[in-house]
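A.B. asks: First the structure, then my questions, so here it is.
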Amino acid sequence: MNPLIEVAIEAEDWASLEAPSQLAEAAIFAAIGESGVSLAANAEISVLFCDDRFIRDLNRKWRGLDNPTNVLAFPARGDAASAPLLGDIVIAFETTSREASAAGVPLRDHVAHLLVHGFLHLIGHTHSGAADTATMEALERAILGRLGITGPFGESLIEETTGAND
């Protein structure tokens with residue numbers, strides 16, 4: 001069963017991204033399908049599209065890092081197969097837009113990648129070591145392939161920080 005995906009847009013700049021709610025659903029549903037994860041029948045995921053100021057405050061509070069980042073994931077406690085709330089994915093516009101532009105990729109593709117990355121954190125994947133990173137990146141490639149997005153790791157746009165859910 002597909003989860004309920006609640007999308008909130010808290011920064012006006014996101015108006016430049018066409019249909020962010022549909023993008024969130026497509027990315028997360030593709031991730032569910034490719035990862036093979038079993039979710040509770042009533043599972044919920046929250047996606048927040050915010051600005052750098054907002055995500056910087058979250059990053060400072062939860063990770064002790066006083067800078068904005070592209071994506072943060074906040075997994076809820078419990079097993080994905082039984083937990084009614086899977087967690088929250090937060091994506092900042094300015095950082096994400098800047099990264100997409102620097103990499104020469106469409107903003108929509110980069111946002112899809114960040115949604116997939118955040119979802120994988122919600123279901124327990126990490127990139128805290130080389131083996132975990134390789135596993136997570138391979139899964140991301142497969143999921144993004146389902147969405148028609150290729151080559152997200154020419155130069156990774158996902159911050160590699162030990163023990164973080166970003």
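Note on naming: chains are A, B, ... as they come in the structure tokens, residues start from 1 per chain, ligands start from 1 in the order shown.
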Once DSSP has gone over the backbone, tell me which residues of chain A are in helix (DSSP H, G or I), as a count of residues only.

C.D. replies: 77

A.B. asks: Can you pull out the residues contacting stretch 84-91 of chain A? Cut-off 7 Å, using only C-alpha atoms, and skip same-chain residues under 5 positions away; I want them as a PyMOL selection string.

C.D. replies: chain A and resi 40+42-50+70-76+118+122

A.B. asks: Quick one: residues within 10 Å of A:Ala92, only C-alpha atoms, excluding same-chain residues fewer than 3 positions away - as number ranges by chain?

C.D. replies: A: 10-11, 13-14, 48-56, 68-72, 95-97, 111

A.B. asks: Next, dump the selected residues to file, keeping only C-alpha atoms, as a PDB file, in the first residue's frame.

C.D. replies:
```pdb
ATOM      1  CA  GLU A  10       6.961  27.101   3.244  1.00  0.00           C
ATOM      2  CA  ALA A  11       9.113  29.139   0.861  1.00  0.00           C
ATOM      3  CA  ASP A  13      10.747  30.264  -4.312  1.00  0.00           C
ATOM      4  CA  TRP A  14       9.372  26.729  -4.631  1.00  0.00           C
ATOM      5  CA  LEU A  48       8.520  20.152   3.689  1.00  0.00           C
ATOM      6  CA  PHE A  49       9.864  22.452   0.978  1.00  0.00           C
ATOM      7  CA  CYS A  50      11.533  25.299   2.851  1.00  0.00           C
ATOM      8  CA  ASP A  51      14.295  27.883   2.511  1.00  0.00           C
ATOM      9  CA  ASP A  52      17.920  27.897   3.641  1.00  0.00           C
ATOM     10  CA  ARG A  53      17.160  29.879   6.807  1.00  0.00           C
ATOM     11  CA  PHE A  54      14.669  27.283   8.010  1.00  0.00           C
ATOM     12  CA  ILE A  55      16.847  24.264   7.230  1.00  0.00           C
ATOM     13  CA  ARG A  56      19.889  25.985   8.770  1.00  0.00           C
ATOM     14  CA  PRO A  68      22.147  25.233   5.495  1.00  0.00           C
ATOM     15  CA  THR A  69      22.056  21.876   3.742  1.00  0.00           C
ATOM     16  CA  ASN A  70      20.068  20.494   0.828  1.00  0.00           C
ATOM     17  CA  VAL A  71      18.014  17.795   2.574  1.00  0.00           C
ATOM     18  CA  LEU A  72      17.391  16.529   6.076  1.00  0.00           C
ATOM     19  CA  THR A  95      20.961  25.226  -1.579  1.00  0.00           C
ATOM     20  CA  THR A  96      19.176  22.739  -3.813  1.00  0.00           C
ATOM     21  CA  SER A  97      18.806  25.243  -6.647  1.00  0.00           C
ATOM     22  CA  VAL A 111      14.810  17.517  -6.059  1.00  0.00           C
TER      23      VAL A 111
END
```

A.B. asks: Using only C-alpha atoms, can you tell me which of A:Leu120, A:Ala100, A:Leu17, A:Ala24 comes closest to A:Thr133?

C.D. replies: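 Nearest candidate to A:Thr133 out of A:Leu120, A:Ala100, A:Leu17, A:Ala24: A:Leu120.
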
A.B. asks: Could you tell me which of A:Leu114, A:Ile5, A:Ala81, A:Ala102 comes closest to A:Leu39 if we count only C-alpha atoms?

C.D. replies: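 So, comparing all the options, the nearest one is A:Ala81.
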
A.B. asks: Determine which residues of chain A receive a DSSP assignment of strand (DSSP E or B), computed from the backbone, and state them as a list in words.

C.D. replies: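 Everything in chain A that counts as strand (DSSP E or B) is Leu4, Ile5, Glu6, Val7, Ala8, Ile9, Glu44, Ile45, Ser46, Val47, Leu48, Phe49, Cys50, Val71, Leu72, Ala73, Phe74, Pro75, Leu85, Leu86, Gly87, Asp88, Ile89, Val90, Ile91 and Ala92 of chain A.
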
A.B. asks: With a distance cut-off of 10 Å and only C-alpha atoms, select the neighbouring residues of A:Phe29, excluding the residue or stretch itself and same-chain residues fewer than 2 positions from it, and output the selection as JSON, numbers by chain.

C.D. replies: {"A": [1, 2, 3, 5, 23, 24, 25, 26, 27, 31, 32, 33, 34, 35, 116, 119, 143]}

A.B. asks: Take the residues from that selection and put them in a file with N, CA and C atoms, as a tab-separated table (two decimals), in the first residue's frame.

C.D. replies:
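Below is the file selection-v1.tsv, written as the result:
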```
chain	number	residue	atom	x	y	z
A	1	MET	N	0.84	-1.19	0.00
A	1	MET	CA	0.00	0.00	0.00
A	1	MET	C	0.88	1.25	0.00
A	2	ASN	N	0.44	2.26	-0.71
A	2	ASN	CA	1.18	3.51	-0.76
A	2	ASN	C	0.86	4.37	0.46
A	3	PRO	N	1.88	5.05	0.97
A	3	PRO	CA	1.66	5.88	2.15
A	3	PRO	C	0.94	7.17	1.80
A	5	ILE	N	1.25	10.94	1.72
A	5	ILE	CA	2.37	11.88	1.66
A	5	ILE	C	1.81	13.29	1.80
A	23	LEU	N	5.67	15.47	-7.72
A	23	LEU	CA	7.06	15.01	-7.77
A	23	LEU	C	7.40	14.21	-6.52
A	24	ALA	N	6.98	14.70	-5.36
A	24	ALA	CA	7.24	13.99	-4.11
A	24	ALA	C	6.59	12.60	-4.15
A	25	GLU	N	5.35	12.53	-4.59
A	25	GLU	CA	4.67	11.24	-4.67
A	25	GLU	C	5.37	10.30	-5.64
A	26	ALA	N	5.71	10.80	-6.82
A	26	ALA	CA	6.35	9.95	-7.82
A	26	ALA	C	7.69	9.42	-7.31
A	27	ALA	N	8.50	10.29	-6.71
A	27	ALA	CA	9.82	9.88	-6.21
A	27	ALA	C	9.69	8.86	-5.08
A	31	ALA	N	10.62	4.87	-5.02
A	31	ALA	CA	11.54	4.37	-3.99
A	31	ALA	C	10.94	3.17	-3.25
A	32	ILE	N	9.67	3.23	-2.98
A	32	ILE	CA	9.00	2.10	-2.32
A	32	ILE	C	9.07	0.88	-3.22
A	33	GLY	N	8.74	1.06	-4.49
A	33	GLY	CA	8.74	-0.05	-5.42
A	33	GLY	C	10.10	-0.68	-5.62
A	34	GLU	N	11.12	0.14	-5.78
A	34	GLU	CA	12.46	-0.38	-6.06
A	34	GLU	C	13.13	-0.95	-4.81
A	35	SER	N	12.86	-0.35	-3.65
A	35	SER	CA	13.51	-0.81	-2.42
A	35	SER	C	12.87	-2.08	-1.88
A	116	VAL	N	14.28	10.98	-2.90
A	116	VAL	CA	14.63	9.56	-2.83
A	116	VAL	C	15.64	9.34	-1.71
A	119	PHE	N	13.93	9.66	1.63
A	119	PHE	CA	13.08	8.50	1.90
A	119	PHE	C	13.91	7.30	2.33
A	143	ILE	N	16.32	3.64	-8.43
A	143	ILE	CA	15.06	4.36	-8.22
A	143	ILE	C	14.94	5.52	-9.21
```

A.B. asks: Suppose you want the space between atom CA of A:Ser101 and atom CA of A:Ile149; what is it in Å?

C.D. replies: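 Computing it gives 16.0 Å between the two atoms.
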
A.B. asks: If I take atom CA of A:Arg98 and atom CA of A:Lys61, how far is one from the other in Å, to one decimal?

C.D. replies: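 Calculated distance between atom CA of A:Arg98 and atom CA of A:Lys61 is 23.3 Å.
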
A.B. asks: Between A:Ser38, A:Asn59, A:Asn67, A:Gln22, which is the closest to A:Ser82 once you count only C-alpha atoms?

C.D. replies: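 When distances to A:Ser82 are compared using only C-alpha atoms, the smallest one comes from A:Ser38.
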
A.B. asks: Tell me, in Å to one decimal, how far atom CA of A:Ala8 is from atom CA of A:Ala142.

C.D. replies: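 These atoms are spaced 26.9 Å apart.
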
A.B. asks: For A:Ala80, which of A:Glu99, A:Ala41, A:Trp62, A:Ile123 is the closest residue, counting only C-alpha atoms?

C.D. replies: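 Closest to A:Ala80, using only C-alpha atoms: A:Ile123.
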